[in-house]
Amino acid sequence: MPLKFGRRRRPRGSKVDGRGEGCGIQGEGAGVSLHFLNPTSGRSEKRIGDVLKNYRVHGIETRSGSGGSEPTVLAVYGGKGVAVIELDAGGEEPELRRMGPLYELHDWIWDLRWLLADAEPAGHMALALGHNSVVLCDYWAQRTLREVHCEEKCILYSAHFVGSCWDELLLVSGTVFNQLVLWQMEGPLDEQDRVRAGRRISGHSGVIFSIDYRQESGLLASASDDRSVGLWRVGDLGRGAEGETHCLLRLYGHQSRVWRVWLLEDFVVSAGEDSACLLWTYSGEVARSFRGHRGSLRALAVSEDQQRVATGGEDSAIRLWKIGDEEPEDVTIIQLQLGEAEGVGSPKALASVDPTLVLVMTDSGGVYSCCLVSGRCKLLLEDQAYRSYGLLSAAALPSGSVLCALGNIQGCLKIFPVFRPERAVERREHRGKVHSLSWASLDGQGPDQCNLFSSGPEGEMLWWEVSWAQDRLSWVGRGRFLLPACKHRWHTCVAFAPGLPYLVCGDRRGSLLLYSTDEGPEPVSELPGLHGKSGVTSVMFHGGFLHSSGRDGFCRRLRVEAGRLGLLRCQRACGWVERLLPCEPGDRDGPLLGIGFRAADFVAWGLESEQRPVLRVPCGGGHRSWCFSGSVSPAGLGLFAYIKSGGVYACRWRGRREAGAMVKEGVHGRDITSVRLLGRPEAYTSVLATASEDTSVNVLALHQASGRLSKLAHISDHLSSVRAMAVVRGPGSSALLFTAGGRAQLRCSRLLFGPEDTNSGLRCRVEQLGSHRLSEDWERRKNRHRMLKMDPETRYMSIVVVDGGMDSVGNPHSSWHFLAAACSDGAVRLFIIDESEKKILLLAESFYHQRCVLKLQTFTHQPASGSQVVFLCSAATDGRIALWNISGIIETAKATDIRQERTRQPLELGSPCLVFVAHQCGVNGLDIRSLDDGRFLLASGGDDNAICTWVICITPRAGSDAPLIPSSSEQQEEAGSGSCEDRGDKAHSRGWSDLGVVVDGWSVDGGLTLRVLKGPSVESAHAAHVTGLRFLSSRMLVSASIDQRLIHWALSSRCLTLIHSRWCQVADIAELESWEGHPAGTHLFALCGDGLQVLKSWQTGNDSPAPETDSTDARNPR
């Protein structure tokens, strides 16, 4: 993904953007996109697709002298091709236009340089090729004028031109031998007429990925596989390749490979695989670290004024950073001194409600007030009763007063105003140790009132209303509550429900509890162990929802409805989450920030912005006692203080560092493993779900007319990679999304779509319905010694929704859904998802395959008499396909209430009814299409590069020997169609009446016989593994493969005939999804793998796809 800054002239009457008048050009896949700021609609994007056709864009080079009053001419190159486009920024909106055709060469292009117009014609350019040669070509004439080779015969990993005319042109080559080789186009030749190398630079222990040269300083920079950036003094290379070289610096700061480097006047900029863009000084220090991408950084560009840096990553996002931005003020960590006198003691608890003030409690029973403005610490009070054990908590009243509460091991509570500690009031309210103290505000209370909650022995939690008015402190009891019995029986946080007579508290065992403020002490609703055994760290009501966080690393959104807690969404956070707070203080509906610890830092990050850190304080990691106050908003003042090694350390800041302006929103940071269609709320809009190895799922809106993708929702609640998805489209604009992947984790979410005034025009609300992990399920069962322990590395490879006949009228189990899963441990498992109870239960399983099961499909058959028969089709790594009858298991589940049997063993799925060998090795593509009269088309694609078709026939036992005749639908389709061979043979070629029987003789209860017939196949359908198959009709099949080909096949009973093949931009294609577009006859294909691309085809009158696939809307986010 190359990036380029472009100039934009300001139209008359337009408003000047305070961040500059630039526009950015991005190469993505084979196309080029233009990102610019529209004064009316904000940031906009325009795109030219297929500029390089079958090649990915590697670089974009501006022709010298273009621009100004004339359009800017750009050369786009990548792979073995180069094309020229122009950027016209003179109108109200900038425009990108094609100028010339694709010009292809015989080798890969690493760098390009336009040559000066006064020395050569305007279309002359030099291109550095992958085997250390340079080509001089005339682009407009589409011909090569000259090619020169260096004496160093090797493959290059990078190249960089120096000079602007052929006679002075020099190339710096990054070779496979970890060297930099400098040679001139007109340099001396050896005996083989190859140019001699003028200089060789060694020093890296890995190959070199990027090179940059700054002529003003005579410095050369190199980025390498060895995680370093090399800085070399090479002098003026305009005078030749010979000379001395001095290594000035080796910059180590990246944690992985360094992909890009750029030399500026005052800084060196590098981007690496560790998602970091580092700004180095020429003394070798890291001045800034720009982080915010998910995945590796692949592209880097610097504006002409050297004030802005653009980065592009594998997540497809583009961010813009200001070099002149300074670090947050006062991010320096200072140590607070409580005093030099004896008896001060060691600090053990902290509290703060003001960024200028820290309250410290010591093991001598003293409470100190430390002012960070004056730097002085003052003893507020001292009590020996709080010496051995003491709790400290503080709250700010709306009136401006600050109250402090203490608790000790005898059950005493002491409350006092910080600025009048002599007014302290103490009572013994608990029969033993006070375990926790929390403050909470309640709507409708006076400005001098607040609420204190204290937990004592036996799970008793007391509610106190505390008032400080007219120089008098008073507190009265308002309620008593009991926490459920457990080992750690005390609360950790409390919040009142706005407008409702409820309060929510989190406890040390990780549970959320809902209490009525008007009724008894027992909870009216609870979610036990929701945040794990480490406990709940915070609860708050925001934007009409309840939000909770825990040390399990998750943030959850819930709702309080009809006196019950309902879980809506679970989101994996950036690290150890300690608290949630609004981005802007006092904002009750805006986005939230999470604060906590990640690795050795205290961090704050945006929950709705893919967890981009907005604040990072190196503090050494999580601390037992710490406090935070203020905000991290751009204009806010914040404080973070903590106890470490017996000392109190504090860090203050004003404002926060920017995490980079978002030019283009990202999708995924790693390979996309699955894509599914969720629905089509509008004619030209499709909603897709994508799953990735980065443990997240994205909900995307695809606008067919423009080819634009916009993100509607981001789901990040999986512990490991997400490998498979399945969808149930619900009533109206809703859908159930099932996601499964690593660590044998299965989740179910309800997606609700609705209109919204945004760029996409849609909004998506995510509600979590249930979660299941085999390891947790195994631990709950009794008699564990009688069953095989679950492999912790088990992964779900494929999932499919099974039609269990639950949508019939009056069905008591209408909220049930059956889901089948293919597992890496060789099992086929069947689950029940109870939508109303929000539970996922393992119903049955079978280990028949004894090896990894790769794919699943399902189909149902309705006999003329009798009930519906449900079949499951599974394919494994040995190339075998098995057919299962699971009707009996489904009927057993309906007849018994298994939801209450949490400790029962799963049912036996039994053995398959038919098994046949389809491929020589694993089957990664599988699809089924129903025909009439109990026949089903089955297509399979394997790792042996073959595509096979089969016909599954279900007939009455008495008529098992009856001839197979074409179905009624096939006869209608064949009426005006041509044959796959000569377009003249019609009915016979598509009748499926002359196929050989592969497997037969199986009888279903009810007198049915199953037979599998061998259809046509193609042994070398692709050049690599077939990973996706979809039926478009009974006569047309589409396949996708790792060879990056999307192929349309004409299907008949005699043969599979290739109709059209389309090269795709996505490498390592993992899955194919297809659906009908708009208008009628249009099909859309989504391919995922090392990116995402959506292609479009339409059918002509003879039911064949158009010769050329329209890819103007093709998108490849990576």
# chains A, B, ... in the order shown; residues from 1 in each chain; ligands from 1

call {"tool": "residues_around", "arguments": {"residues": "range 455-463 of chain A", "least_positions_apart": "2", "cutoff": "8 Å", "atoms": "only C-alpha atoms", "output": "list of chain:residue names"}}
result
A:Gly411, A:His430, A:Arg431, A:Gly432, A:Lys433, A:Val434, A:His435, A:Ser436, A:Leu437, A:Asn451, A:Leu452, A:Phe453, A:Glu465, A:Gly477, A:Arg478, A:Gly479, A:Arg480, A:Phe481, A:Leu482, A:Leu483, A:Pro484, A:Ala485, A:Arg489, A:Trp490, A:His491

call {"tool": "residues_around", "arguments": {"residues": "range 643-649 of chain A", "least_positions_apart": "2", "cutoff": "8 Å", "atoms": "only C-alpha atoms", "output": "ChimeraX atom specification"}}
result
/A:333-337,346-350,623-626,641,651

call {"tool": "closest_atom_pairs", "arguments": {"of": "range 797-862 of chain A", "to": "range 875-886 of chain A", "cutoff": "12 Å", "atoms": "only C-alpha atoms", "output": "JSON lines"}}
result
{"residue": "A:Met797", "atom": "CA", "partner": "A:Ala876", "partner_atom": "CA", "distance": 10.3}
{"residue": "A:Ser798", "atom": "CA", "partner": "A:Ala875", "partner_atom": "CA", "distance": 10.2}
{"residue": "A:Val802", "atom": "CA", "partner": "A:Ile886", "partner_atom": "CA", "distance": 9.6}
{"residue": "A:Asp803", "atom": "CA", "partner": "A:Ile886", "partner_atom": "CA", "distance": 10.6}
{"residue": "A:Gly804", "atom": "CA", "partner": "A:Ile886", "partner_atom": "CA", "distance": 9.5}
{"residue": "A:Phe818", "atom": "CA", "partner": "A:Ile886", "partner_atom": "CA", "distance": 10.7}
{"residue": "A:Leu819", "atom": "CA", "partner": "A:Ile886", "partner_atom": "CA", "distance": 11.6}
{"residue": "A:Ala820", "atom": "CA", "partner": "A:Ile886", "partner_atom": "CA", "distance": 10.2}
{"residue": "A:Ala821", "atom": "CA", "partner": "A:Ala875", "partner_atom": "CA", "distance": 11.6}
{"residue": "A:Ala822", "atom": "CA", "partner": "A:Ala875", "partner_atom": "CA", "distance": 8.6}
{"residue": "A:Cys823", "atom": "CA", "partner": "A:Ala876", "partner_atom": "CA", "distance": 9.7}
{"residue": "A:Ser824", "atom": "CA", "partner": "A:Ala876", "partner_atom": "CA", "distance": 9.4}
{"residue": "A:Asp825", "atom": "CA", "partner": "A:Ala876", "partner_atom": "CA", "distance": 10.9}
{"residue": "A:Gly826", "atom": "CA", "partner": "A:Ala876", "partner_atom": "CA", "distance": 8.1}
{"residue": "A:Ala827", "atom": "CA", "partner": "A:Ala876", "partner_atom": "CA", "distance": 10.1}
{"residue": "A:Val828", "atom": "CA", "partner": "A:Ala875", "partner_atom": "CA", "distance": 10.1}
{"residue": "A:Arg829", "atom": "CA", "partner": "A:Ile886", "partner_atom": "CA", "distance": 11.0}
{"residue": "A:Leu830", "atom": "CA", "partner": "A:Ile886", "partner_atom": "CA", "distance": 9.2}
{"residue": "A:Phe831", "atom": "CA", "partner": "A:Ile886", "partner_atom": "CA", "distance": 11.9}
{"residue": "A:Leu843", "atom": "CA", "partner": "A:Ile886", "partner_atom": "CA", "distance": 11.2}
{"residue": "A:Ala844", "atom": "CA", "partner": "A:Ile886", "partner_atom": "CA", "distance": 9.7}
{"residue": "A:Glu845", "atom": "CA", "partner": "A:Ile886", "partner_atom": "CA", "distance": 10.8}
{"residue": "A:Ser846", "atom": "CA", "partner": "A:Trp884", "partner_atom": "CA", "distance": 10.6}
{"residue": "A:Phe847", "atom": "CA", "partner": "A:Ala876", "partner_atom": "CA", "distance": 11.6}
{"residue": "A:Tyr848", "atom": "CA", "partner": "A:Ala882", "partner_atom": "CA", "distance": 9.5}
{"residue": "A:His849", "atom": "CA", "partner": "A:Ala876", "partner_atom": "CA", "distance": 7.0}
{"residue": "A:Gln850", "atom": "CA", "partner": "A:Ala876", "partner_atom": "CA", "distance": 9.1}
{"residue": "A:Arg851", "atom": "CA", "partner": "A:Thr877", "partner_atom": "CA", "distance": 6.7}
{"residue": "A:Cys852", "atom": "CA", "partner": "A:Ala876", "partner_atom": "CA", "distance": 5.8}
{"residue": "A:Val853", "atom": "CA", "partner": "A:Ala876", "partner_atom": "CA", "distance": 4.1}
{"residue": "A:Leu854", "atom": "CA", "partner": "A:Ala876", "partner_atom": "CA", "distance": 5.2}
{"residue": "A:Lys855", "atom": "CA", "partner": "A:Ala875", "partner_atom": "CA", "distance": 5.2}
{"residue": "A:Leu856", "atom": "CA", "partner": "A:Ala875", "partner_atom": "CA", "distance": 6.5}
{"residue": "A:Gln857", "atom": "CA", "partner": "A:Ala875", "partner_atom": "CA", "distance": 8.9}
{"residue": "A:Thr858", "atom": "CA", "partner": "A:Leu883", "partner_atom": "CA", "distance": 9.2}
{"residue": "A:Phe859", "atom": "CA", "partner": "A:Asn885", "partner_atom": "CA", "distance": 10.1}
{"residue": "A:Thr860", "atom": "CA", "partner": "A:Asn885", "partner_atom": "CA", "distance": 9.7}
{"residue": "A:His861", "atom": "CA", "partner": "A:Asn885", "partner_atom": "CA", "distance": 10.7}

call {"tool": "residues_around", "arguments": {"residues": "Glu314 in chain A", "least_positions_apart": "2", "cutoff": "10 Å", "atoms": "only C-alpha atoms", "output": "MDAnalysis selection string"}}
result
chainID A and resid 1 273 275 293:299 312 316:318 666:671 1090:1091 1117:1118

call {"tool": "closest_residue", "arguments": {"among": "A:Gly730, A:Glu835, A:His1022, A:Pro398", "to": "Asp443 in chain A", "atoms": "only C-alpha atoms"}}
result
A:Pro398

call {"tool": "residues_around", "arguments": {"residues": "Gly594 in chain A", "least_positions_apart": "4", "cutoff": "8 Å", "atoms": "only C-alpha atoms", "output": "list in words"}}
result
Ala573, Val577, Glu578, Arg579, Leu580, Leu581, Ala604, Trp605, Gly606 and Leu607 of chain A

call {"tool": "write_last_selection", "arguments": {"atoms": "C-alpha atoms", "output": "compact mmCIF listing (two decimals), in the first residue's frame"}}
result
# COMPACT_ATOMS: atom_id res chain seq x y z
CA ALA A 573 -9.96 -4.37 25.66
CA VAL A 577 -9.01 -2.61 32.46
CA GLU A 578 -9.40 -0.70 35.71
CA ARG A 579 -11.94 1.98 34.92
CA LEU A 580 -14.19 3.42 32.22
CA LEU A 581 -14.76 7.14 31.76
CA ALA A 604 -5.82 5.11 28.18
CA TRP A 605 -7.50 4.05 24.95
CA GLY A 606 -10.71 4.64 23.03
CA LEU A 607 -13.15 1.74 23.17

call {"tool": "select_by_dssp", "arguments": {"residues": "range 356-532 of chain A", "states": "strand (DSSP E)", "output": "PyMOL selection string"}}
result
chain A and resi 357-362+366-371+377-382+390-396+402-408+412-417+425-428+436-440+449-455+460-469+472-482+491-496+502-507+512-516+525-527

call {"tool": "residues_around", "arguments": {"residues": "Leu300 in chain A", "least_positions_apart": "6", "cutoff": "9 Å", "atoms": "only C-alpha atoms", "output": "ChimeraX atom specification"}}
result
/A:1-4,260-262,269-271,277,309-312

call {"tool": "write_last_selection", "arguments": {"atoms": "C-alpha atoms", "output": "PDB file, in the first residue's frame"}}
result
ATOM      1  CA  MET A   1       0.000   0.000   0.000  1.00  0.00           C
ATOM      2  CA  PRO A   2       2.093   2.955  -1.219  1.00  0.00           C
ATOM      3  CA  LEU A   3       1.172   6.469  -0.150  1.00  0.00           C
ATOM      4  CA  LYS A   4       1.862   9.804  -1.803  1.00  0.00           C
ATOM      5  CA  ARG A 260      10.201   1.754   5.344  1.00  0.00           C
ATOM      6  CA  VAL A 261      12.623   4.610   6.076  1.00  0.00           C
ATOM      7  CA  TRP A 262      12.543   8.305   5.118  1.00  0.00           C
ATOM      8  CA  VAL A 269      11.221   8.320  10.023  1.00  0.00           C
ATOM      9  CA  SER A 270      10.872   4.538  10.034  1.00  0.00           C
ATOM     10  CA  ALA A 271       7.882   2.184   9.892  1.00  0.00           C
ATOM     11  CA  CYS A 277       6.231   4.566  13.153  1.00  0.00           C
ATOM     12  CA  VAL A 309       3.629  11.877   8.084  1.00  0.00           C
ATOM     13  CA  ALA A 310       1.107   9.490   6.550  1.00  0.00           C
ATOM     14  CA  THR A 311       1.199   5.789   7.429  1.00  0.00           C
ATOM     15  CA  GLY A 312      -0.624   2.889   5.852  1.00  0.00           C
TER      16      GLY A 312
END

call {"tool": "atom_distance", "arguments": {"atom1": "CA of Gly732 in chain A", "atom2": "CA of Leu762 in chain A"}}
result
14.1 Å

call {"tool": "atom_distance", "arguments": {"atom1": "CA of Asp589 in chain A", "atom2": "CA of Cys764 in chain A"}}
result
16.8 Å

call {"tool": "closest_residue", "arguments": {"among": "A:Trp950, A:Tyr502, A:Trp110, A:Tyr139", "to": "His58 in chain A", "atoms": "only C-alpha atoms"}}
result
A:Trp110

call {"tool": "residues_around", "arguments": {"residues": "Arg427 in chain A", "least_positions_apart": "4", "cutoff": "9 Å", "atoms": "only C-alpha atoms", "output": "ChimeraX atom specification"}}
result
/A:411-414

call {"tool": "closest_residue", "arguments": {"among": "A:Leu615, A:Val367, A:Met540, A:Ala141", "to": "His124 in chain A", "atoms": "only C-alpha atoms"}}
result
A:Ala141
